[in-house]
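Asker: The structure's right below; bear with me while I get my questions together.
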Amino acid sequence: MTIIKAIRGTRDILPTEVGYWQQVEKTARQIFSQACYQEIRTPIFEQTTLFERGIGTNTDVVGKEMYTFLDKGDRSLTLRPEGTAGVVRALIEHNLYSSGGVQRLWYTGPMFRYERPQAGRQRQFHQIGLELIGTSDPRGDVEAIAIATDLLRNLGLVNLHLAINSVGTGEDRLLYRQALIDYLTPYQQELDPDSQVRLLNNPLRILDSKDPKTQEIAQNAPKIIDYLSQPSREHFERVQQLLTDLGISYQLNHCLVRGLDYYTHTAFEIQSQDLGAQATVCGGGRYDGLVKELGGPETPAVGWAIGLERLIILLQQKSAVSIVQPDFYLVSRGHEAEAKALILAQKLRYLGLTVELDLSGSTFAKQFKRASRQGAIACLVLGDTEAETDTIQLKWLKTQTQETLTIAELLAKIPDLNKQLAANK
RNA sequence: GCGAGCGUAGCCAAGUGGUUAAGGCAGUGGAUUGUGGUUCCACCAUUCGUGGGUUCGAGUCCCAUCGUUCGCCCCA
């Protein structure tokens, strides 16, 4: 019998690791709700055209990384490669934009891209993201960035760098694109092969090539901020000023270009040195054209997503997370006693205690051994003698002290026990 | 999609063509049939990711395949 394994690029999150995920979700929920962001949950698959139109057909994500398939009704569906397109689709479909003002939304869940797996990059990966839709105010850009940095800081991550750039409006980019082509064309032969191809179809991407020679050439390339229109430049300057006012440090990176077509104006990434090649923990920016592109009214917006696998790699480097340990471990042996132990376990749980019931039926010695391995604070022992007299033995594992109580006495002194449990931790 | 390294038990591993596949952690049983964390004893891979091949002989060499890691690419 061959065993079935999880498919390439997917991972099981085991009980030993799930605590990190819960910690991130808990922290995120708190930060989001304090900033009045509402959770939204959208389907994991959508019509393929949503992503083609939203992300752009000439991006790598849409061009070669999507899980696209026909369903039994011959509809072309795609497992979502990112979260923003689905959120914007839902916003338009349910007219959320018409309820006035801005929409503050967040989401989390699995995303799918067909890529070569490596550290911090799975085919099914998870993001937590935020969208602020309905304002073009630079304060919106900064609110979004500030929430991201707050979340990461509250999780205890400090060695992170925020890089920002502005990619302007579509018109700004057209102007810049030509200037860049004019600059790069004389160097065409010296560029790496990928960049030579991009010179024709996506010259902006040449800027963040890792090829040393290309980087050298890109160093002196014209900068996009010099090609921004007056309003675009003012917007970006305001964003920088507000970041400074908030005490959020950042670096301007003229080569920061995002890979999805919908980005406009502010683009940013938060990176870590401790992740290897996949250094970006959080990426995002403004996307003023997307709502309209997907059939809604002209609506400005800004958002970001955090890659949870990468975030959790950083958390694991930093500290261990503990698994749930029982307050009481219920040791029982004998037909009658085992039945009573089950009932007692339930009663104690109703009173708010964490109780693990030993189901092995093995010797007391073995059950005690398991109790200490599970990290239990105390054992409650029910054997034939106790079953007959309606009593239990309460044993504190740390101090090895033991007392006999009736079950009624035990239940009556729960408040007391809570204090003792804390003292014996 | 391209390039490189790796794949021995649940985990960490030794093993460099001669065969009974070290060791440690974890686990199971017992010493101790009503009391754990220490100690002691025993057990725990007919087989080295999988499939072929070379060889008298393969965990070890070759090929393929799958997985994994790193880089490119891409992105979070």
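Ordered as shown in the structure tokens, chains take letters A, B, and onward, while each chain numbers its residues from 1 and ligands are numbered from 1 in the order shown.
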Do a neighbour search on segment 59-64 of chain B at 10 Å with only C-alpha atoms (C1' of nucleotides), toss out local chain neighbours closer than 3 positions, and write the hits as a list in words.

Answerer: U8, G15, U16, G17, A21, U47, C48, G51, G52, G53, U54 and U55 of chain B

Asker: Which residues of chain A come within 8 Å of chain B, and for each one, what is the closest pair of atoms and their distance in Å to one decimal, counting only C-alpha atoms (C1' of nucleotides), sorted by chain and residue number, as JSON lines?

Answerer:
{"residue": "A:Arg8", "atom": "CA", "partner": "B:G67", "partner_atom": "C1'", "distance": 7.8}
{"residue": "A:Asp60", "atom": "CA", "partner": "B:C74", "partner_atom": "C1'", "distance": 6.9}
{"residue": "A:Val61", "atom": "CA", "partner": "B:C74", "partner_atom": "C1'", "distance": 7.6}
{"residue": "A:Glu115", "atom": "CA", "partner": "B:C74", "partner_atom": "C1'", "distance": 7.9}
{"residue": "A:Gln118", "atom": "CA", "partner": "B:U69", "partner_atom": "C1'", "distance": 7.2}
{"residue": "A:Ala119", "atom": "CA", "partner": "B:U69", "partner_atom": "C1'", "distance": 7.9}
{"residue": "A:Gln127", "atom": "CA", "partner": "B:A76", "partner_atom": "C1'", "distance": 6.9}
{"residue": "A:Gly259", "atom": "CA", "partner": "B:C75", "partner_atom": "C1'", "distance": 7.5}
{"residue": "A:Gln278", "atom": "CA", "partner": "B:C75", "partner_atom": "C1'", "distance": 8.0}
{"residue": "A:Thr280", "atom": "CA", "partner": "B:A76", "partner_atom": "C1'", "distance": 6.4}
{"residue": "A:Val281", "atom": "CA", "partner": "B:A76", "partner_atom": "C1'", "distance": 5.9}
{"residue": "A:Cys282", "atom": "CA", "partner": "B:A76", "partner_atom": "C1'", "distance": 5.8}
{"residue": "A:Gly283", "atom": "CA", "partner": "B:A76", "partner_atom": "C1'", "distance": 6.3}
{"residue": "A:Ala305", "atom": "CA", "partner": "B:A76", "partner_atom": "C1'", "distance": 6.3}
{"residue": "A:Ile306", "atom": "CA", "partner": "B:A76", "partner_atom": "C1'", "distance": 5.4}
{"residue": "A:Gly307", "atom": "CA", "partner": "B:A76", "partner_atom": "C1'", "distance": 4.0}
{"residue": "A:Leu308", "atom": "CA", "partner": "B:A76", "partner_atom": "C1'", "distance": 7.8}
{"residue": "A:Arg310", "atom": "CA", "partner": "B:A76", "partner_atom": "C1'", "distance": 7.9}
{"residue": "A:Thr363", "atom": "CA", "partner": "B:U33", "partner_atom": "C1'", "distance": 7.6}
{"residue": "A:Phe364", "atom": "CA", "partner": "B:U35", "partner_atom": "C1'", "distance": 6.1}
{"residue": "A:Ala365", "atom": "CA", "partner": "B:U35", "partner_atom": "C1'", "distance": 5.7}
{"residue": "A:Lys366", "atom": "CA", "partner": "B:G36", "partner_atom": "C1'", "distance": 7.7}
{"residue": "A:Gln367", "atom": "CA", "partner": "B:G36", "partner_atom": "C1'", "distance": 7.9}
{"residue": "A:Phe368", "atom": "CA", "partner": "B:G36", "partner_atom": "C1'", "distance": 4.4}
{"residue": "A:Lys369", "atom": "CA", "partner": "B:G36", "partner_atom": "C1'", "distance": 4.2}
{"residue": "A:Arg370", "atom": "CA", "partner": "B:G36", "partner_atom": "C1'", "distance": 7.4}
{"residue": "A:Ala371", "atom": "CA", "partner": "B:G36", "partner_atom": "C1'", "distance": 7.0}
{"residue": "A:Ser372", "atom": "CA", "partner": "B:G36", "partner_atom": "C1'", "distance": 5.8}
{"residue": "A:Gly383", "atom": "CA", "partner": "B:G34", "partner_atom": "C1'", "distance": 7.5}
{"residue": "A:Leu397", "atom": "CA", "partner": "B:G36", "partner_atom": "C1'", "distance": 7.7}

Asker: Could you pull out all residues of segment 335-408 of chain A with a DSSP call of helix (DSSP H, G or I) and give them as an NGL selection string?

Answerer: :A and (335-350 or 364-373 or 384-389 or 407-408)

Asker: I'd like to know which of A:Arg205, A:Gln196, A:Gln273, A:Pro222 is closest to Leu160 of chain A, using only C-alpha atoms.

Answerer: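 Result for the nearest residue to Leu160 of chain A: A:Gln273.
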
Asker: Excluding segment 245-253 of chain A and any residue of its chain fewer than 5 positions from it, enumerate the residues within 6 Å of it, using only C-alpha atoms (C1' of nucleotides), and give them as a count of residues only.

Answerer: 4

Asker: Applying 12 Å and only C-alpha atoms (C1' of nucleotides), which residues near Trp106 of chain A remain after dropping the ones on its own chain fewer than 6 positions away? List them as a PyMOL selection string.

Answerer: chain A and resi 25+28-33+35-42+83-84+86-88+127-133+144+147-148+302-306

Asker: Given the selection you just returned, output its residues as a file containing N, CA, C and O atoms, formatted as a short mmCIF file (atom, residue, chain, number, x, y, z; two decimals), in the first residue's frame.

Answerer:
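Written output follows (out-v8.cif):
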data_model
loop_
_atom_site.label_atom_id
_atom_site.label_comp_id
_atom_site.auth_asym_id
_atom_site.auth_seq_id
_atom_site.Cartn_x
_atom_site.Cartn_y
_atom_site.Cartn_z
N GLU A 25 -3.15 35.43 13.90
CA GLU A 25 -4.56 35.76 13.63
C GLU A 25 -5.15 36.58 14.78
O GLU A 25 -5.88 37.55 14.54
N ALA A 28 -3.71 40.08 14.68
CA ALA A 28 -4.22 40.81 13.52
C ALA A 28 -5.67 41.26 13.76
O ALA A 28 -6.03 42.40 13.49
N ARG A 29 -6.49 40.36 14.29
CA ARG A 29 -7.89 40.71 14.55
C ARG A 29 -7.99 41.92 15.48
O ARG A 29 -8.80 42.80 15.28
N GLN A 30 -7.13 41.92 16.47
CA GLN A 30 -7.17 43.02 17.43
C GLN A 30 -6.77 44.34 16.78
O GLN A 30 -7.45 45.35 16.92
N ILE A 31 -5.66 44.32 16.03
CA ILE A 31 -5.18 45.53 15.37
C ILE A 31 -6.20 46.03 14.36
O ILE A 31 -6.49 47.22 14.28
N PHE A 32 -6.75 45.11 13.58
CA PHE A 32 -7.72 45.52 12.56
C PHE A 32 -8.97 46.11 13.20
O PHE A 32 -9.50 47.11 12.75
N SER A 33 -9.45 45.47 14.26
CA SER A 33 -10.71 45.96 14.81
C SER A 33 -10.51 47.30 15.50
O SER A 33 -11.40 48.15 15.48
N ALA A 35 -8.71 49.58 14.38
CA ALA A 35 -8.69 50.57 13.30
C ALA A 35 -10.00 50.54 12.50
O ALA A 35 -10.10 51.16 11.46
N CYS A 36 -10.98 49.77 13.01
CA CYS A 36 -12.30 49.69 12.40
C CYS A 36 -12.31 49.07 11.01
O CYS A 36 -13.03 49.51 10.11
N TYR A 37 -11.50 48.04 10.83
CA TYR A 37 -11.55 47.26 9.60
C TYR A 37 -12.42 46.03 9.84
O TYR A 37 -12.38 45.44 10.92
N GLN A 38 -13.24 45.69 8.84
CA GLN A 38 -14.15 44.55 8.93
C GLN A 38 -13.60 43.39 8.12
O GLN A 38 -13.06 43.60 7.03
N GLU A 39 -13.82 42.20 8.63
CA GLU A 39 -13.37 41.03 7.87
C GLU A 39 -14.32 40.75 6.71
O GLU A 39 -15.53 40.91 6.82
N ILE A 40 -13.73 40.33 5.59
CA ILE A 40 -14.53 39.88 4.45
C ILE A 40 -13.99 38.53 4.00
O ILE A 40 -12.79 38.30 4.04
N ARG A 41 -14.91 37.61 3.66
CA ARG A 41 -14.48 36.28 3.21
C ARG A 41 -15.05 36.05 1.82
O ARG A 41 -16.27 36.07 1.65
N THR A 42 -14.19 35.83 0.89
CA THR A 42 -14.63 35.63 -0.50
C THR A 42 -14.22 34.24 -0.95
O THR A 42 -13.37 33.60 -0.32
N GLY A 83 -5.57 38.13 -3.10
CA GLY A 83 -6.85 38.41 -2.48
C GLY A 83 -7.59 39.64 -2.96
O GLY A 83 -8.82 39.72 -2.84
N THR A 84 -6.85 40.61 -3.50
CA THR A 84 -7.47 41.89 -3.79
C THR A 84 -8.57 41.82 -4.85
O THR A 84 -9.64 42.40 -4.69
N GLY A 86 -10.63 39.46 -5.69
CA GLY A 86 -11.88 38.91 -5.18
C GLY A 86 -12.62 39.89 -4.27
O GLY A 86 -13.85 40.00 -4.33
N VAL A 87 -11.86 40.59 -3.44
CA VAL A 87 -12.47 41.57 -2.54
C VAL A 87 -13.12 42.68 -3.36
O VAL A 87 -14.27 43.09 -3.09
N VAL A 88 -12.43 43.15 -4.38
CA VAL A 88 -12.97 44.23 -5.21
C VAL A 88 -14.20 43.73 -5.99
O VAL A 88 -15.19 44.44 -6.11
N GLN A 127 -2.21 34.33 2.97
CA GLN A 127 -1.98 35.75 3.14
C GLN A 127 -2.99 36.31 4.13
O GLN A 127 -4.09 35.77 4.28
N ILE A 128 -2.59 37.38 4.76
CA ILE A 128 -3.54 38.18 5.50
C ILE A 128 -3.40 39.57 4.89
O ILE A 128 -2.29 40.04 4.67
N GLY A 129 -4.51 40.18 4.54
CA GLY A 129 -4.39 41.42 3.79
C GLY A 129 -5.44 42.44 4.19
O GLY A 129 -6.43 42.11 4.85
N LEU A 130 -5.20 43.64 3.76
CA LEU A 130 -6.07 44.75 4.13
C LEU A 130 -6.34 45.59 2.89
O LEU A 130 -5.46 45.76 2.05
N GLU A 131 -7.57 46.09 2.78
CA GLU A 131 -7.92 46.97 1.67
C GLU A 131 -8.65 48.18 2.23
O GLU A 131 -9.61 48.03 2.99
N LEU A 132 -8.21 49.36 1.84
CA LEU A 132 -8.88 50.61 2.22
C LEU A 132 -9.37 51.22 0.92
O LEU A 132 -8.57 51.72 0.12
N ILE A 133 -10.68 51.15 0.72
CA ILE A 133 -11.24 51.46 -0.58
C ILE A 133 -12.13 52.69 -0.50
O ILE A 133 -12.99 52.78 0.40
N ALA A 144 -2.73 52.57 6.02
CA ALA A 144 -2.52 51.17 5.64
C ALA A 144 -1.12 50.70 6.03
O ALA A 144 -0.96 49.63 6.64
N ILE A 147 -0.73 50.32 9.83
CA ILE A 147 -1.36 49.12 10.41
C ILE A 147 -0.46 47.90 10.17
O ILE A 147 -0.30 47.06 11.04
N ALA A 148 0.14 47.85 8.99
CA ALA A 148 1.05 46.73 8.70
C ALA A 148 2.24 46.75 9.65
O ALA A 148 2.61 45.72 10.23
N VAL A 302 -6.25 51.50 -1.61
CA VAL A 302 -4.88 51.13 -1.24
C VAL A 302 -4.97 49.87 -0.38
O VAL A 302 -5.96 49.66 0.33
N GLY A 303 -3.95 49.02 -0.47
CA GLY A 303 -4.00 47.79 0.32
C GLY A 303 -2.66 47.09 0.33
O GLY A 303 -1.70 47.52 -0.32
N TRP A 304 -2.61 46.01 1.12
CA TRP A 304 -1.38 45.21 1.18
C TRP A 304 -1.71 43.78 1.58
O TRP A 304 -2.83 43.50 2.01
N ALA A 305 -0.74 42.93 1.43
CA ALA A 305 -0.88 41.55 1.91
C ALA A 305 0.41 41.11 2.56
O ALA A 305 1.51 41.48 2.14
N ILE A 306 0.26 40.32 3.61
CA ILE A 306 1.40 39.72 4.30
C ILE A 306 1.42 38.23 3.95
O ILE A 306 0.37 37.59 3.96
#

Asker: Could you jot down the atom CA of Ile44 of chain A to atom CA of Leu79 of chain A separation for me, Å, one decimal place?

Answerer: 5.8 Å

Asker: What is the distance, in Å and to one decimal place, between atom CA of Ser98 of chain A and atom CA of Glu298 of chain A?

Answerer: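 Computing the Euclidean distance for atom CA of Ser98 of chain A and atom CA of Glu298 of chain A yields 12.0 Å.
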
Asker: DSSP on the backbone, then: every residue of segment 81-205 of chain A marked strand (DSSP E), written as a compact mmCIF listing (two decimals) with C-alpha atoms, in the first residue's frame.

Answerer:
# COMPACT_ATOMS: atom_id res chain seq x y z
CA GLN A 103 -14.69 50.66 3.06
CA ARG A 104 -12.14 49.26 5.45
CA LEU A 105 -11.75 45.53 4.86
CA TRP A 106 -9.38 42.73 5.75
CA TYR A 107 -9.16 39.09 4.78
CA THR A 108 -7.09 36.00 5.34
CA GLY A 109 -6.91 32.64 3.64
CA PRO A 110 -5.09 30.40 1.19
CA MET A 111 -3.84 31.60 -2.20
CA PHE A 112 -2.52 29.48 -5.04
CA GLN A 124 -0.75 26.91 -1.60
CA PHE A 125 0.27 29.75 0.64
CA HIS A 126 -1.57 32.04 3.00
CA GLN A 127 -1.98 35.75 3.14
CA ILE A 128 -3.54 38.18 5.50
CA GLY A 129 -4.39 41.42 3.79
CA LEU A 130 -6.07 44.75 4.13
CA GLU A 131 -7.92 46.97 1.67
CA LEU A 132 -8.88 50.61 2.22
CA ILE A 133 -11.24 51.46 -0.58
CA LEU A 160 12.28 44.80 9.13
CA HIS A 161 12.79 47.43 6.48
CA LEU A 162 10.10 49.41 4.74
CA ALA A 163 10.88 50.42 1.18
CA ILE A 164 8.61 52.76 -0.73
CA ASN A 165 8.36 54.17 -4.20
CA SER A 166 5.74 55.81 -6.37

Asker: I'd like the interatomic distance between atom CA of Phe236 of chain A and atom CA of Thr59 of chain A, to a tenth of an Å.

Answerer: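 Spanning atom CA of Phe236 of chain A to atom CA of Thr59 of chain A is a straight-line distance of 25.0 Å.
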
Asker: So that I can see what lies close to Ser195 of chain A, please list as a PyMOL selection string the residues with an atom at most 10 Å from it, counting only C-alpha atoms (C1' of nucleotides) and leaving out residues fewer than 4 positions away in the same chain.

Answerer: chain A and resi 188+190-191+199-209+211+214
